[in-house]
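Engineer: Before we start, here is the structure in question, set down as structure tokens.
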Amino acid sequence: MSNYNWCHGPECHTQHTQSRVRGSGDNKVLRTRRIKVYQPETPHIYDFFCNQSCLMDFMREHITSVIAIAPRREAQETPIKVEKEKYESYRYDWNSDENGATRRVPYMATRTTIKSVDNDNG
Ligand SMILES: [Zn+2]
């Protein structure tokens with residue numbers, strides 16, 4: 001059995017595209033797009049919106065309700081460790097000599113790496 005959703009974009013049925021034209025003669029309409037759902041058990045956001053424009057139109061119109069489902073009242077934090085290590089790198093000296101040649105100039109650079117911390121045992 002095929003499963004379909006109507007696009008939830010509030011302006012979907014007003015977009016002038018051939019894919020939305022239905023009816024015949026003088027009784028033509030622009031109709032909301034229908035979306036085929038391939039895996040109803042694992043819903044995807046584009047099972048409900050025919051494109052990003054319809055998704056964002058919906059979000060703009062319903063953002064207050066959507067946020068109310070799972071409001072964030074405090075910042076979240078992830079424990080990390082920041083490691084800095086020095087390594088030799090090069091910069092380019094563009095006008096290093098009178099022939100216009102560039103020159104690689106070595107210098108000590110710092111690489112900053114953000115590491116995850118195993119916080120399952122804390
Ligand atoms: Zn749409």
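Letters A, B, ... go to the chains of the structure tokens in the order shown; residues in each chain start at 1; ligands are counted from 1 in the same order.
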Any residue with an atom at most 6 Å from ligand 1 counts, using only C-alpha atoms and all ligand atoms. Which are they? Put them as a ChimeraX atom specification.
Structural biologist: /A:7,9,12,33,49-51,54
Engineer: Please produce a file of the residues just selected, as a short mmCIF file (atom, residue, chain, number, x, y, z; two decimals), in the first residue's frame, where the atoms kept are C-alpha atoms.
Structural biologist:
```cif
data_model
loop_
_atom_site.label_atom_id
_atom_site.label_comp_id
_atom_site.auth_asym_id
_atom_site.auth_seq_id
_atom_site.Cartn_x
_atom_site.Cartn_y
_atom_site.Cartn_z
CA CYS A 7 2.98 18.97 1.96
CA GLY A 9 3.94 24.21 3.66
CA CYS A 12 2.62 25.29 -1.12
CA ARG A 33 1.96 18.79 -3.48
CA PHE A 49 7.48 19.08 3.16
CA CYS A 50 7.99 19.03 -0.60
CA ASN A 51 11.03 21.31 -0.36
CA CYS A 54 7.76 24.92 2.33
#
```
Engineer: Within 12 Å of A:His8, counting only C-alpha atoms, which residues show up once you throw out same-chain ones fewer than 5 positions away? Write them as an MDAnalysis selection string, please.
Structural biologist: chainID A and resid 13 31:35 45:59 61:62
Engineer: Report as a list in words all protein, DNA and RNA residues lying within 9 Å of A:Ser89, evaluated on only C-alpha atoms, omitting residues in the same chain fewer than 2 positions from it.
Structural biologist: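 Within the cut-off, the hits are Tyr87, Arg91, Val105, Pro106, Tyr107, Met108 and Ala109 of chain A.
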Engineer: Write down as a PyMOL selection string the residues belonging to stretch 62-104 of chain A that are assigned helix (DSSP H, G or I) by DSSP computed on the backbone.
Structural biologist: chain A and resi 62-69
Engineer: Restricted to N, CA and C atoms, what would the selected residues look like written as a CSV table (one decimal), in the first residue's frame?
Structural biologist:
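As a result, selection_4.csv now contains:
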```
chain,number,residue,atom,x,y,z
A,62,HIS,N,4.8,28.6,12.5
A,62,HIS,CA,4.5,27.9,13.7
A,62,HIS,C,5.6,27.8,14.7
A,63,ILE,N,6.6,28.7,14.6
A,63,ILE,CA,7.8,28.5,15.4
A,63,ILE,C,7.5,28.6,16.9
A,64,THR,N,6.6,29.4,17.3
A,64,THR,CA,6.2,29.5,18.7
A,64,THR,C,5.7,28.1,19.2
A,65,SER,N,4.8,27.5,18.5
A,65,SER,CA,4.3,26.2,18.9
A,65,SER,C,5.3,25.1,18.8
A,66,VAL,N,6.2,25.1,17.8
A,66,VAL,CA,7.2,24.1,17.7
A,66,VAL,C,8.2,24.2,18.9
A,67,ILE,N,8.6,25.4,19.2
A,67,ILE,CA,9.5,25.6,20.4
A,67,ILE,C,8.9,25.2,21.7
A,68,ALA,N,7.6,25.4,21.8
A,68,ALA,CA,6.9,25.0,23.0
A,68,ALA,C,6.9,23.5,23.3
A,69,ILE,N,7.1,22.7,22.3
A,69,ILE,CA,7.2,21.3,22.4
A,69,ILE,C,8.3,20.9,23.3
```
Engineer: Write out as a PyMOL selection string all residues of chain A that backbone DSSP assigns to strand (DSSP E).
Structural biologist: chain A and resi 3-6+21-22+29-30+34-37+80-93+103-116
Engineer: What's around A:Asp93 at 8 Å? Count only C-alpha atoms, leave out sequence neighbours fewer than 4 positions away in its own chain, and write the answer as a PDB file with N, CA and C atoms, in the first residue's frame.
Structural biologist:
```
ATOM      1  N   THR A 102      58.542  34.248  -4.226  1.00  0.00           N
ATOM      2  CA  THR A 102      58.071  34.108  -2.851  1.00  0.00           C
ATOM      3  C   THR A 102      58.972  33.114  -2.123  1.00  0.00           C
ATOM      4  N   ARG A 103      58.912  33.176  -0.811  1.00  0.00           N
ATOM      5  CA  ARG A 103      59.777  32.329  -0.018  1.00  0.00           C
ATOM      6  C   ARG A 103      58.954  31.731   1.115  1.00  0.00           C
ATOM      7  N   ARG A 104      59.147  30.432   1.359  1.00  0.00           N
ATOM      8  CA  ARG A 104      58.496  29.790   2.506  1.00  0.00           C
ATOM      9  C   ARG A 104      59.303  30.087   3.754  1.00  0.00           C
ATOM     10  N   VAL A 105      58.624  30.645   4.739  1.00  0.00           N
ATOM     11  CA  VAL A 105      59.300  31.001   5.984  1.00  0.00           C
ATOM     12  C   VAL A 105      58.748  30.119   7.103  1.00  0.00           C
TER      13      VAL A 105
END
```
